[in-house]
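Novice: Okay, so here is model-v3.cif, and as you'll see once you scroll down, it has mmCIF, C-alpha atoms.
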```
data_target
#
loop_
_atom_site.label_atom_id
_atom_site.label_comp_id
_atom_site.auth_asym_id
_atom_site.auth_seq_id
_atom_site.Cartn_x
_atom_site.Cartn_y
_atom_site.Cartn_z
CA MET A 26 38.28 10.76 -61.08
CA SER A 27 39.36 13.54 -63.45
CA ARG A 28 42.67 13.50 -65.28
CA ALA A 29 44.04 15.99 -62.74
CA SER A 30 42.92 14.06 -59.63
CA PHE A 31 45.25 11.54 -58.02
CA ALA A 32 45.17 9.27 -54.97
CA PHE A 33 48.15 7.53 -53.37
CA HIS A 34 49.01 5.44 -50.35
CA TYR A 35 52.58 5.63 -49.05
CA THR A 36 54.12 2.66 -47.28
CA ALA A 37 57.69 2.30 -46.06
CA ARG A 38 57.42 -1.50 -45.72
CA GLY A 39 56.78 -2.46 -49.29
CA GLY A 40 53.15 -3.45 -48.70
CA VAL A 41 50.20 -2.79 -50.98
CA THR A 42 47.11 -0.81 -50.13
CA THR A 43 43.76 -2.59 -50.15
CA ASP A 44 42.10 0.57 -51.47
CA ARG A 45 41.73 0.03 -55.20
CA ASN A 46 41.32 3.75 -55.75
CA ARG A 47 44.83 4.47 -54.47
CA GLN A 48 48.17 3.77 -56.07
CA THR A 49 50.75 2.36 -53.67
CA ILE A 50 54.01 4.28 -53.51
CA GLY A 51 57.00 3.97 -51.20
CA TRP A 52 60.51 5.07 -50.39
CA PRO A 53 62.08 2.36 -52.64
CA LEU A 54 60.90 4.48 -55.58
CA LEU A 55 63.54 7.05 -54.60
CA LYS A 56 67.26 6.48 -55.00
CA HIS A 57 68.07 7.13 -51.40
CA ALA A 58 70.94 7.44 -48.94
CA ASP A 59 69.33 6.01 -45.83
CA GLU A 60 72.48 4.23 -44.69
CA ARG A 61 74.35 7.53 -44.44
CA LEU A 62 71.28 9.22 -42.98
CA GLN A 63 70.98 6.65 -40.21
CA THR A 64 74.70 6.78 -39.50
CA LEU A 65 74.44 10.53 -38.94
CA ALA A 66 71.28 10.03 -36.86
CA GLU A 67 72.90 7.47 -34.57
CA VAL A 68 72.61 8.86 -31.03
CA PRO A 69 72.44 7.22 -27.58
CA GLN A 70 68.89 8.43 -26.93
CA ASP A 71 65.70 7.48 -28.77
CA ARG A 72 65.03 9.55 -31.86
CA PRO A 73 61.70 11.44 -31.85
CA ASP A 74 58.96 9.57 -33.70
CA TRP A 75 57.36 12.80 -34.93
CA ALA A 76 60.54 13.75 -36.80
CA GLN A 77 60.75 10.40 -38.61
CA ASP A 78 57.05 10.59 -39.43
CA LEU A 79 57.47 14.12 -40.82
CA LEU A 80 60.32 12.93 -43.04
CA GLN A 81 58.25 9.98 -44.30
CA ILE A 82 55.34 12.31 -45.05
CA ALA A 83 57.66 14.73 -46.88
CA ARG A 84 58.93 11.81 -48.98
CA ALA A 85 55.37 10.77 -49.73
CA VAL A 86 54.37 14.32 -50.71
CA TYR A 87 57.36 14.63 -53.02
CA LEU A 88 56.65 11.29 -54.71
CA ALA A 89 52.97 12.12 -55.14
CA ASP A 90 53.95 15.47 -56.61
CA LYS A 91 56.30 13.87 -59.17
CA LEU A 92 53.83 11.13 -60.12
CA SER A 93 50.90 13.52 -60.69
CA LEU A 94 51.18 15.12 -64.12
CA ARG A 95 49.82 18.65 -64.42
CA LYS A 96 49.04 18.41 -68.14
CA GLY A 97 45.58 17.01 -67.43
CA ALA A 98 44.52 20.02 -65.37
CA VAL A 99 42.05 22.47 -66.86
CA ASP A 100 44.42 25.37 -66.18
CA GLY A 101 47.52 23.32 -66.97
CA TRP A 102 48.66 23.45 -63.35
CA THR A 103 46.25 22.78 -60.48
CA ARG A 104 45.78 19.17 -59.39
CA ARG A 105 43.83 17.47 -56.62
CA ILE A 106 46.01 15.03 -54.69
CA ASP A 107 44.68 12.69 -51.99
CA LEU A 108 47.49 11.08 -50.01
CA SER A 109 47.52 8.62 -47.10
CA VAL A 110 50.77 7.85 -45.26
CA GLU A 111 51.72 5.14 -42.78
CA VAL A 112 53.34 6.66 -39.69
CA ILE A 113 54.62 5.49 -36.31
CA THR A 114 52.41 7.63 -34.07
CA PRO A 115 49.22 8.66 -35.87
CA SER A 116 47.75 9.95 -32.60
CA VAL A 117 49.96 13.08 -32.61
CA TRP A 118 48.77 13.97 -36.10
CA SER A 119 45.60 15.70 -34.98
CA PRO A 120 43.19 17.36 -37.44
CA PRO A 121 44.81 20.80 -36.83
CA THR A 122 48.31 19.45 -37.60
CA LEU A 123 47.07 17.69 -40.72
CA ARG A 124 45.43 20.91 -41.86
CA LEU A 125 48.73 22.72 -41.35
CA LEU A 126 50.50 20.01 -43.33
CA SER A 127 48.04 20.34 -46.21
CA ARG A 128 48.44 24.13 -46.15
CA ILE A 129 52.21 23.77 -46.45
CA ALA A 130 51.85 21.46 -49.45
CA GLU A 131 49.30 23.79 -51.04
CA THR A 132 51.51 26.84 -50.47
CA LEU A 133 54.43 25.10 -52.13
CA SER A 134 52.70 23.55 -55.13
CA ALA A 135 49.43 25.53 -55.55
CA ASP A 136 47.42 22.30 -55.67
CA ARG A 137 44.58 20.97 -53.52
CA TRP A 138 45.98 18.44 -51.03
CA THR A 139 44.19 16.08 -48.66
CA ILE A 140 46.68 14.28 -46.42
CA THR A 141 45.73 11.60 -43.90
CA VAL A 142 47.82 9.30 -41.73
CA LEU A 143 47.44 5.64 -40.77
CA SER A 144 49.28 3.34 -38.41
CA GLY A 145 51.87 0.99 -39.86
CA GLY A 146 55.08 2.99 -39.85
CA GLN A 147 58.11 1.39 -38.21
CA ARG A 148 60.91 3.04 -36.26
CA TRP A 149 64.26 2.94 -37.98
CA PRO A 150 66.51 0.66 -35.91
CA GLN A 151 69.33 1.93 -33.76
CA GLN A 152 72.67 0.57 -34.93
CA GLY A 153 74.14 0.34 -31.43
CA ARG A 154 77.32 2.23 -32.23
CA THR A 155 79.61 3.04 -29.31
CA THR A 156 80.84 6.18 -31.09
CA TYR A 157 78.73 8.65 -33.01
CA ALA A 158 78.92 12.14 -34.50
CA ASP A 159 77.79 14.63 -31.85
CA ILE A 160 76.29 17.26 -34.17
CA GLU A 161 76.00 20.79 -32.78
CA GLU A 162 74.58 22.72 -35.75
CA VAL A 163 72.50 21.76 -38.81
CA ALA A 164 72.12 23.76 -42.03
CA LEU A 165 70.95 23.12 -45.57
CA PHE A 166 73.70 23.23 -48.18
CA SER A 167 72.74 23.35 -51.84
CA GLY A 168 76.09 24.57 -53.10
CA GLY A 169 74.53 27.87 -54.16
CA LEU A 170 75.89 31.29 -53.23
CA ASP A 171 73.70 31.67 -50.15
CA SER A 172 74.28 28.31 -48.51
CA THR A 173 77.98 28.52 -49.37
CA ALA A 174 78.29 31.92 -47.71
CA TRP A 175 76.59 30.65 -44.54
CA ALA A 176 78.67 27.47 -44.40
CA ALA A 177 81.85 29.50 -44.83
CA GLU A 178 80.80 31.85 -42.03
CA ARG A 179 79.93 29.06 -39.60
CA ALA A 180 82.97 26.97 -40.48
CA LYS A 181 85.15 29.66 -38.91
CA VAL A 182 83.32 29.46 -35.58
CA ALA A 183 85.20 27.33 -33.06
CA ALA A 184 82.41 24.99 -31.99
CA GLY A 185 81.17 21.42 -32.27
CA PRO A 186 80.56 19.61 -35.58
CA LEU A 187 78.53 21.36 -38.27
CA LEU A 188 76.24 19.15 -40.37
CA LEU A 189 75.45 20.31 -43.91
CA VAL A 190 72.43 18.58 -45.46
CA SER A 191 72.58 18.37 -49.26
CA TYR A 192 70.54 16.67 -51.94
CA PHE A 193 72.97 15.14 -54.39
CA GLU A 194 72.61 15.84 -58.10
CA PRO A 195 74.83 13.51 -60.17
CA GLN A 196 75.22 16.15 -62.90
CA TRP A 197 76.80 18.70 -60.57
CA GLY A 198 77.82 16.89 -57.41
CA SER A 199 81.46 17.64 -58.20
CA GLN A 200 80.69 21.35 -57.92
CA GLN A 201 79.35 20.86 -54.39
CA ASP A 202 82.54 18.97 -53.54
CA ARG A 203 84.73 21.80 -54.83
CA THR A 204 82.81 24.35 -52.81
CA LEU A 205 82.91 22.27 -49.65
CA THR A 206 86.64 21.68 -50.07
CA ALA A 207 87.20 25.44 -50.19
CA ILE A 208 85.17 25.85 -47.00
CA GLN A 209 86.89 23.02 -45.15
CA SER A 210 90.36 24.33 -45.94
CA ALA A 211 89.84 27.22 -43.52
CA ALA A 212 87.44 25.55 -41.09
CA CYS A 213 87.89 25.76 -37.31
CA ARG A 214 85.49 22.88 -36.67
CA ASP A 215 84.54 19.46 -38.01
CA ILE A 216 82.12 19.50 -40.93
CA GLU A 217 79.90 16.53 -41.75
CA GLN A 218 77.81 16.30 -44.90
CA LEU A 219 74.76 14.26 -45.82
CA LYS A 220 74.24 13.75 -49.54
CA ALA A 221 70.79 12.33 -50.08
CA SER A 222 69.10 11.91 -53.47
CA GLN A 223 65.75 12.96 -54.85
CA GLN A 224 65.80 10.97 -58.08
CA VAL A 225 62.67 8.88 -58.61
CA ARG A 226 63.31 5.25 -59.63
CA LEU A 227 60.80 5.03 -62.45
CA THR A 228 60.98 5.09 -66.23
CA ARG A 229 57.46 6.50 -66.66
CA SER A 230 56.82 10.17 -67.32
CA LEU A 231 57.26 12.36 -64.26
CA GLU A 232 55.99 15.84 -63.53
CA LYS A 233 58.71 18.38 -64.42
CA SER A 234 57.84 20.82 -61.67
CA ALA A 235 58.90 19.77 -58.18
CA ARG A 236 57.79 22.54 -55.85
CA THR A 237 57.55 20.17 -52.85
CA ARG A 238 61.20 19.14 -52.87
CA GLY A 239 61.92 22.04 -50.50
CA LEU A 240 59.81 20.28 -47.87
CA LEU A 241 61.82 17.10 -48.45
CA TYR A 242 65.09 18.96 -47.90
CA LEU A 243 63.83 20.63 -44.74
CA ALA A 244 62.27 17.49 -43.25
CA THR A 245 65.56 15.62 -43.69
CA ALA A 246 67.44 18.34 -41.80
CA ILE A 247 64.70 18.54 -39.15
CA TYR A 248 64.94 14.79 -38.52
CA LEU A 249 68.70 14.99 -37.97
CA ALA A 250 68.41 18.10 -35.78
CA ALA A 251 65.72 16.45 -33.64
CA ALA A 252 67.82 13.29 -33.26
CA HIS A 253 70.78 15.31 -31.96
CA GLY A 254 68.77 17.76 -29.87
CA VAL A 255 69.84 20.70 -32.06
CA PRO A 256 67.30 23.50 -31.59
CA GLN A 257 67.52 25.06 -35.06
CA VAL A 258 67.76 24.14 -38.72
CA ILE A 259 69.34 26.93 -40.75
CA VAL A 260 68.09 27.52 -44.28
CA PRO A 261 70.05 30.49 -45.70
CA GLU A 262 68.29 32.34 -48.52
CA ASN A 263 68.56 36.02 -49.41
CA GLY A 264 65.40 38.04 -48.87
CA GLN A 265 64.90 38.73 -52.57
CA LEU A 266 64.47 35.05 -53.44
CA ALA A 267 62.95 34.02 -50.10
CA VAL A 268 60.04 36.42 -50.67
CA ASN A 269 60.30 35.82 -54.44
CA PRO A 270 57.53 38.21 -55.55
CA PRO A 271 56.10 37.24 -58.95
CA LEU A 272 57.45 39.27 -61.85
CA THR A 273 54.11 39.09 -63.66
CA PRO A 274 50.52 38.21 -62.64
CA ALA A 275 50.90 34.96 -64.60
CA ARG A 276 53.68 33.85 -62.24
CA ALA A 277 51.65 34.02 -59.06
CA ALA A 278 51.79 31.42 -56.30
CA ALA A 279 53.85 28.30 -56.98
CA CYS A 280 55.04 29.53 -60.38
CA SER A 281 57.57 31.37 -58.18
CA THR A 282 58.91 28.92 -55.61
CA LYS A 283 57.93 29.63 -51.98
CA SER A 284 59.92 26.97 -50.10
CA VAL A 285 61.78 29.53 -47.94
CA HIS A 286 59.07 32.19 -47.87
CA PRO A 287 58.46 33.53 -44.32
CA GLY A 288 54.87 32.30 -44.55
CA THR A 289 55.98 28.77 -45.44
CA LEU A 290 58.54 28.64 -42.63
CA HIS A 291 55.93 29.96 -40.18
CA LEU A 292 53.53 27.16 -41.16
CA LEU A 293 56.29 24.57 -40.85
CA ASN A 294 57.38 25.82 -37.43
CA SER A 295 53.75 25.85 -36.29
CA LEU A 296 53.42 22.26 -37.46
CA ILE A 297 56.54 21.18 -35.54
CA ASP A 298 55.23 22.94 -32.43
CA GLY A 299 51.87 21.18 -32.82
CA LEU A 300 53.66 17.83 -32.99
CA GLY A 301 55.51 18.57 -29.75
CA GLY A 302 58.86 19.10 -31.44
CA GLU A 303 61.56 21.47 -30.24
CA VAL A 304 63.20 22.41 -33.54
CA ALA A 305 62.77 25.74 -35.32
CA VAL A 306 63.59 26.42 -38.97
CA VAL A 307 65.34 29.80 -39.34
CA ASN A 308 66.50 31.89 -42.31
CA PRO A 309 69.38 34.14 -41.15
CA TYR A 310 69.66 35.88 -44.55
CA LEU A 311 66.05 37.05 -44.81
CA HIS A 312 67.01 40.72 -44.60
CA LEU A 313 69.99 40.51 -46.99
CA THR A 314 70.10 41.11 -50.75
CA LYS A 315 72.07 38.89 -53.10
CA GLY A 316 74.83 41.49 -53.11
CA ASP A 317 74.89 41.46 -49.30
CA VAL A 318 75.25 37.67 -49.31
CA CYS A 319 78.16 37.84 -51.78
CA ARG A 320 79.91 40.30 -49.47
CA GLN A 321 79.30 37.96 -46.53
CA ALA A 322 80.98 35.17 -48.47
CA LEU A 323 83.99 37.35 -49.25
CA ASP A 324 84.23 38.45 -45.62
CA ALA A 325 84.21 34.77 -44.63
CA GLY A 326 87.37 34.28 -46.66
CA LEU A 327 86.06 32.72 -49.87
CA ALA A 328 87.91 33.68 -53.04
CA PRO A 329 85.99 35.46 -55.82
CA ALA A 330 86.73 32.50 -58.12
CA THR A 331 84.97 30.17 -55.66
CA LEU A 332 81.85 32.32 -55.82
CA THR A 333 81.80 32.54 -59.60
CA HIS A 334 82.99 29.07 -60.60
CA ALA A 335 82.14 26.67 -57.77
CA THR A 336 78.67 27.76 -56.65
CA ILE A 337 75.44 27.00 -58.54
CA SER A 338 72.43 29.32 -58.40
CA CYS A 339 70.67 28.49 -61.68
CA GLY A 340 66.92 27.84 -61.81
CA ARG A 341 67.54 25.43 -64.68
CA PRO A 342 70.75 23.60 -63.71
CA PRO A 343 72.08 20.55 -65.60
CA ARG A 344 69.53 18.19 -64.00
CA ASP A 345 66.93 20.01 -66.15
CA ARG A 346 69.24 20.14 -69.17
CA PRO A 347 70.76 16.64 -69.59
CA GLY A 348 74.20 16.70 -71.13
CA ALA A 349 74.70 20.39 -70.47
CA GLU A 350 78.29 21.56 -70.18
CA HIS A 351 77.45 24.79 -68.34
CA TYR A 352 76.10 24.89 -64.81
CA HIS A 353 74.32 28.23 -65.32
CA CYS A 354 71.94 28.94 -68.19
CA GLY A 355 72.44 32.71 -67.78
CA THR A 356 68.86 33.54 -68.76
CA CYS A 357 66.63 32.50 -65.83
CA TYR A 358 65.56 34.80 -63.00
CA PRO A 359 67.90 33.20 -60.38
CA CYS A 360 70.84 33.62 -62.79
CA LEU A 361 69.95 37.28 -63.26
CA VAL A 362 69.72 37.86 -59.51
CA ARG A 363 73.04 36.05 -59.07
CA HIS A 364 74.62 38.25 -61.75
CA SER A 365 73.38 41.43 -60.04
CA GLY A 366 74.70 40.29 -56.66
CA LEU A 367 78.15 39.41 -57.99
CA LEU A 368 78.37 42.70 -59.87
CA THR A 369 77.45 44.53 -56.66
CA ALA A 370 80.02 42.73 -54.52
CA LEU A 371 82.85 42.13 -57.01
CA GLY A 372 82.29 44.74 -59.69
CA THR A 373 82.45 41.94 -62.26
CA ASP A 374 81.06 38.43 -62.83
CA SER A 375 83.16 35.76 -64.53
CA THR A 376 80.58 32.97 -64.11
CA PRO A 377 80.64 30.86 -67.31
CA TYR A 378 77.00 31.27 -68.31
CA LYS A 379 75.72 29.15 -71.19
CA THR A 380 74.06 32.14 -72.83
CA ASP A 381 74.96 35.83 -72.72
CA VAL A 382 71.41 37.07 -72.38
CA TRP A 383 72.56 40.68 -72.69
CA ALA A 384 73.78 40.07 -76.24
CA LEU A 385 70.33 38.96 -77.42
CA ASP A 386 67.56 41.11 -78.87
CA ASP A 387 64.30 41.35 -76.94
CA GLY A 388 62.38 39.18 -79.38
CA ARG A 389 64.41 36.04 -78.65
CA ASP A 390 62.89 33.32 -76.43
CA PRO A 391 65.82 33.17 -73.96
CA THR A 392 65.17 36.81 -73.00
CA VAL A 393 61.70 36.18 -71.56
CA ASP A 394 62.85 36.41 -67.92
CA ARG A 395 65.04 39.43 -68.62
CA ARG A 396 62.10 41.23 -70.23
CA ALA A 397 59.73 40.30 -67.39
CA LEU A 398 62.28 41.53 -64.85
CA GLN A 399 62.76 44.79 -66.73
CA ARG A 400 59.00 45.45 -66.80
CA TRP A 401 58.75 44.59 -63.09
CA LEU A 402 61.51 47.03 -62.22
CA CYS A 403 59.69 49.79 -64.08
CA GLN A 404 56.69 49.37 -61.75
CA PRO A 405 56.55 50.64 -58.15
CA PHE A 406 56.64 48.04 -55.40
CA SER A 407 54.67 48.40 -52.17
CA VAL A 408 53.61 46.46 -49.08
CA ARG A 409 50.54 45.33 -51.01
CA ASP A 410 52.76 43.72 -53.66
CA LEU A 411 54.78 42.10 -50.88
CA THR A 412 51.79 40.35 -49.31
CA THR A 413 49.17 39.79 -52.03
CA ASP A 414 50.76 36.71 -53.61
CA THR A 415 51.64 34.85 -50.40
CA PRO A 416 50.53 36.39 -47.08
CA LEU A 417 53.02 37.07 -44.32
CA PRO A 418 52.36 35.73 -40.82
CA ASP A 419 51.37 38.24 -38.16
CA THR A 420 54.72 37.71 -36.45
CA VAL A 421 56.71 39.08 -39.40
CA ASP A 422 57.15 42.85 -39.83
CA PRO A 423 56.78 43.58 -43.57
CA ASP A 424 58.71 46.86 -43.42
CA PRO A 425 62.23 45.32 -43.26
CA LEU A 426 61.22 42.88 -46.02
CA LEU A 427 60.03 45.76 -48.17
CA ARG A 428 63.37 47.49 -47.65
CA VAL A 429 65.37 44.42 -48.67
CA VAL A 430 63.28 44.00 -51.83
CA GLU A 431 63.81 47.69 -52.62
CA ARG A 432 67.58 47.37 -52.13
CA GLY A 433 67.57 44.24 -54.27
CA ARG A 434 65.69 46.13 -56.98
CA THR A 435 68.40 48.79 -56.85
CA GLU A 436 71.05 46.13 -57.46
CA LEU A 437 69.03 44.81 -60.41
CA VAL A 438 68.53 48.30 -61.89
CA GLN A 439 72.28 48.89 -61.67
CA MET A 440 72.84 45.59 -63.51
CA PHE A 441 70.57 46.70 -66.37
CA THR A 442 72.33 50.07 -66.49
CA ARG A 443 75.75 48.39 -66.73
CA HIS A 444 74.48 46.51 -69.78
CA GLY A 445 73.17 49.67 -71.43
CA ARG A 446 69.48 49.11 -70.71
CA ARG A 447 67.64 51.88 -68.93
CA ILE A 448 64.93 51.28 -66.37
CA THR A 449 62.30 54.03 -66.57
CA PRO A 450 59.84 53.99 -63.64
CA THR A 451 56.24 54.43 -64.73
CA GLU A 452 55.32 56.42 -61.62
CA THR A 453 56.66 57.44 -58.23
CA PRO A 454 56.52 54.53 -55.76
CA PRO A 455 53.78 54.97 -53.14
CA ARG A 456 54.65 55.92 -49.62
CA ARG A 457 55.62 52.93 -47.48
CA LEU A 458 52.82 51.71 -45.24
CA ALA A 459 53.38 51.43 -41.52
CA TRP A 460 53.08 48.03 -39.87
CA ALA A 461 51.09 47.46 -36.74
CA SER A 462 51.25 44.35 -34.62
#
```
Now that the file is in, can you turn its structure into structure tokens?
Specialist:
Amino acid sequence: MSRASFAFHYTARGGVTTDRNRQTIGWPLLKHADERLQTLAEVPQDRPDWAQDLLQIARAVYLADKLSLRKGAVDGWTRRIDLSVEVITPSVWSPPTLRLLSRIAETLSADRWTITVLSGGQRWPQQGRTTYADIEEVALFSGGLDSTAWAAERAKVAAGPLLLVSYFEPQWGSQQDRTLTAIQSAACRDIEQLKASQQVRLTRSLEKSARTRGLLYLATAIYLAAAHGVPQVIVPENGQLAVNPPLTPARAAACSTKSVHPGTLHLLNSLIDGLGGEVAVVNPYLHLTKGDVCRQALDAGLAPATLTHATISCGRPPRDRPGAEHYHCGTCYPCLVRHSGLLTALGTDSTPYKTDVWALDDGRDPTVDRRALQRWLCQPFSVRDLTTDTPLPDTVDPDPLLRVVERGRTELVQMFTRHGRRITPTETPPRRLAWAS
């Protein structure tokens, strides 16, 4: 087996695989919040086995991802990961569904995945509570601008309880609490929150990239939605970062995260359908720019200070910079998109960034994303650029997505102009291509 090939067996019972070529891994390796998860999943009816199995598989994929170091790969990235997982009902995991599952993992991490299932999983026990939370709506909540805007919007709708699924980061959990407090102060409905954890309980070296954690977040929300009979899981992400076109050819595929890309969500929804599930994952902000989302948050009643000081949108937050005092580095691509959106909606941005990237000369290392973004904005953008990196499903019209990327580019150009840096297009953008179903 090469240095970039790995094989694992995931068990939830603490057993050990008899296959000497596989390393045994399990949920105890993650600092978890299963007690809270099961409390929120307590319902009178049986919980769907497929949803628990999907969550176990997502946990296994995430662990395998973190335990497989990329440094041994010839290209410094691509690994081959062979993973077997114990599930409750292996019969529903047909070859087509397993192929879909592998395609999702490959889309997220740009590795070669082979995923198989075995019997041995056990249903989580019902706690027999006489009262339980009757959840009516489920959404992911990272504490970023997008999820905060959506939560603020939905909190004002007079309806049943809203469940926000978060993955707790000890370095900035207090920021999530501040944001949620601001939302709850004007809420017209009950709001529940699940704070799970993705920290791996090991002292050995772990892979720094974690492209599959998006699947872990989504599978957790899907499990809770399925348990409560909620038909949708909402994952709010502006179209600019959902599509996330690479700024340079070197950033293709998983170098730019694709966890909320329309193609990824289509694969995931196809997988759920193949398993017999009745939950759909939906992104309501797909056709909005970052500036649009900031306006939505303001319209929902959030104060400008909440947007700038309580939300976190950084691609390198404190979990990646231990001991950091600032929640935003100010130099990464997500920080730049955030800055452009806040400037568009507020006219100013008082976010306390660690570094003022606009005060640095081009030759400095922290300006690498700014320079890549500036070069990208100088180039035309077409339907071909929209679909070459990660294809769109046939059910998605690329024309509205092209328009939202173009409007987002306008916001970014205006940001550069405000900071005295001109964007000079190299040529006239090609005529937009028509879409045919």
Novice: Take CA of Gly97 (chain A) and CA of Lys233 (chain A) and report the distance between them in Å, one decimal.
Specialist: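 Interatomic distance, CA of Gly97 (chain A) to CA of Lys233 (chain A): 13.5 Å.
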Novice: Could you tell me, as JSON, numbers by chain, exactly which residues end up selected when the PyMOL selection byres ((chain A and resi 98) around 12) is applied to this structure?
Specialist: {"A": [26, 27, 28, 29, 30, 31, 93, 94, 95, 96, 97, 99, 100, 101, 102, 103, 104, 105, 106, 136, 137]}
Novice: Rank nothing, just name the residue among A:Ser375, A:Leu170, A:Arg396, A:Thr289 nearest to Asp317 (chain A), using all atoms listed in the file.
Specialist: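 The shortest atom-to-atom distance to Asp317 (chain A) comes from A:Leu170.
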Novice: I need the output of the PyMOL selection byres ((chain A and resi 312) around 9) for this file as JSON, numbers by chain; which residues are they?
Specialist: {"A": [263, 264, 265, 309, 310, 311, 313, 314, 425, 426, 428, 429, 430]}
Novice: Could you work out how far CA of Gly355 (chain A) lies from CA of Val225 (chain A), giving the answer in Å with one decimal?
Specialist: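 These two atoms are separated by 27.3 Å.
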Novice: Determine the nearest neighbour of Leu55 (chain A) from the options A:Ala252, A:Leu92, A:Ala397, A:Val142, counting all atoms listed in the file.
Specialist: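 That would be A:Leu92, the residue with the smallest distance to Leu55 (chain A).
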Novice: Taking the file as shown, find all residues satisfying the PyMOL selection byres ((chain A and resi 331) around 10) and write them as an MDAnalysis selection string.
Specialist: chainID A and resid 170 173 203:204 207:208 322:323 327:330 332:336 376
Novice: Hey, which of A:Arg124, A:Lys283, A:Lys56, A:Arg236 ends up closest to Asp414 (chain A)? Count all atoms listed in the file.
Specialist: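 Going through A:Arg124, A:Lys283, A:Lys56, A:Arg236 one by one, the smallest distance to Asp414 (chain A) is for A:Lys283.
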Novice: Using only C-alpha atoms, which residue out of A:Ala370, A:Leu126, A:Glu431, A:Gln48 lies closest to Asp324 (chain A)?
Specialist: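 Checking each of A:Ala370, A:Leu126, A:Glu431, A:Gln48 against Asp324 (chain A), counting only C-alpha atoms, the winner is A:Ala370.
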Novice: Closest to Asp215 (chain A) among A:Arg341, A:Arg128, A:Lys181, A:Lys379, using all atoms listed in the file?
Specialist: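 Checking each candidate against Asp215 (chain A), we get A:Lys181 as the closest.
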Novice: Would you tabulate, counting all atoms listed in the file, all residues of region 133-225 of chain A that have an atom at most 10 Å from an atom of region 240-244 of chain A, showing the closest pair of atoms and their distance in Å to one decimal, sorted by chain then ascending number, as CSV?
Specialist:
```
residue,atom,partner,partner_atom,distance
A:Leu133,CA,A:Leu240,CA,8.4
A:Ala164,CA,A:Leu243,CA,9.3
A:Leu165,CA,A:Tyr242,CA,7.6
A:Phe166,CA,A:Tyr242,CA,9.6
A:Ser167,CA,A:Tyr242,CA,9.7
A:Val190,CA,A:Tyr242,CA,7.7
A:Ser191,CA,A:Tyr242,CA,7.6
A:Tyr192,CA,A:Tyr242,CA,7.2
A:Ala221,CA,A:Tyr242,CA,9.0
A:Ser222,CA,A:Tyr242,CA,9.8
A:Gln223,CA,A:Leu241,CA,8.6
```
Novice: Of the residues A:Gly301, A:Pro271, A:Gly185, A:Gly51, which is the one nearest to Thr122 (chain A), using only C-alpha atoms?
Specialist: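 Of all the options, A:Gly301 lies closest to Thr122 (chain A).
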Novice: Quote the spacing between CA of Pro150 (chain A) and CA of Gly302 (chain A) in Å to one decimal place.
Specialist: 20.5 Å
Novice: Please provide as number ranges by chain all residues within 9 Å of Asn294 (chain A), with the sequence filter that same-chain residues fewer than 3 positions apart are discarded (counting all atoms listed in the file).
Specialist: A: 289-291, 297-299, 304-306
Novice: Could you complete region 158-165 of chain A so that it carries N, CA, C and O atoms, and give it back as a JSON list (two decimals), keeping the file's coordinate frame?
Specialist:
```
[["chain", "number", "residue", "atom", "x", "y", "z"],
["A", 158, "ALA", "N", 78.64, 10.72, -34.24],
["A", 158, "ALA", "CA", 78.92, 12.14, -34.50],
["A", 158, "ALA", "C", 78.00, 12.99, -33.63],
["A", 158, "ALA", "O", 76.78, 12.91, -33.76],
["A", 159, "ASP", "N", 78.57, 13.77, -32.74],
["A", 159, "ASP", "CA", 77.79, 14.63, -31.85],
["A", 159, "ASP", "C", 77.58, 15.97, -32.54],
["A", 159, "ASP", "O", 78.35, 16.91, -32.35],
["A", 160, "ILE", "N", 76.54, 16.07, -33.35],
["A", 160, "ILE", "CA", 76.29, 17.26, -34.17],
["A", 160, "ILE", "C", 75.82, 18.42, -33.28],
["A", 160, "ILE", "O", 74.98, 18.26, -32.41],
["A", 161, "GLU", "N", 76.36, 19.61, -33.56],
["A", 161, "GLU", "CA", 76.00, 20.79, -32.78],
["A", 161, "GLU", "C", 75.18, 21.80, -33.59],
["A", 161, "GLU", "O", 74.47, 22.63, -33.03],
["A", 162, "GLU", "N", 75.28, 21.75, -34.91],
["A", 162, "GLU", "CA", 74.58, 22.72, -35.75],
["A", 162, "GLU", "C", 74.20, 22.05, -37.06],
["A", 162, "GLU", "O", 74.97, 21.25, -37.61],
["A", 163, "VAL", "N", 73.00, 22.37, -37.58],
["A", 163, "VAL", "CA", 72.50, 21.76, -38.81],
["A", 163, "VAL", "C", 72.07, 22.87, -39.77],
["A", 163, "VAL", "O", 71.35, 23.79, -39.38],
["A", 164, "ALA", "N", 72.51, 22.77, -41.02],
["A", 164, "ALA", "CA", 72.12, 23.76, -42.03],
["A", 164, "ALA", "C", 71.95, 23.06, -43.38],
["A", 164, "ALA", "O", 72.60, 22.06, -43.67],
["A", 165, "LEU", "N", 71.07, 23.61, -44.20],
["A", 165, "LEU", "CA", 70.95, 23.12, -45.57],
["A", 165, "LEU", "C", 72.11, 23.66, -46.39],
["A", 165, "LEU", "O", 72.57, 24.79, -46.20]]
```
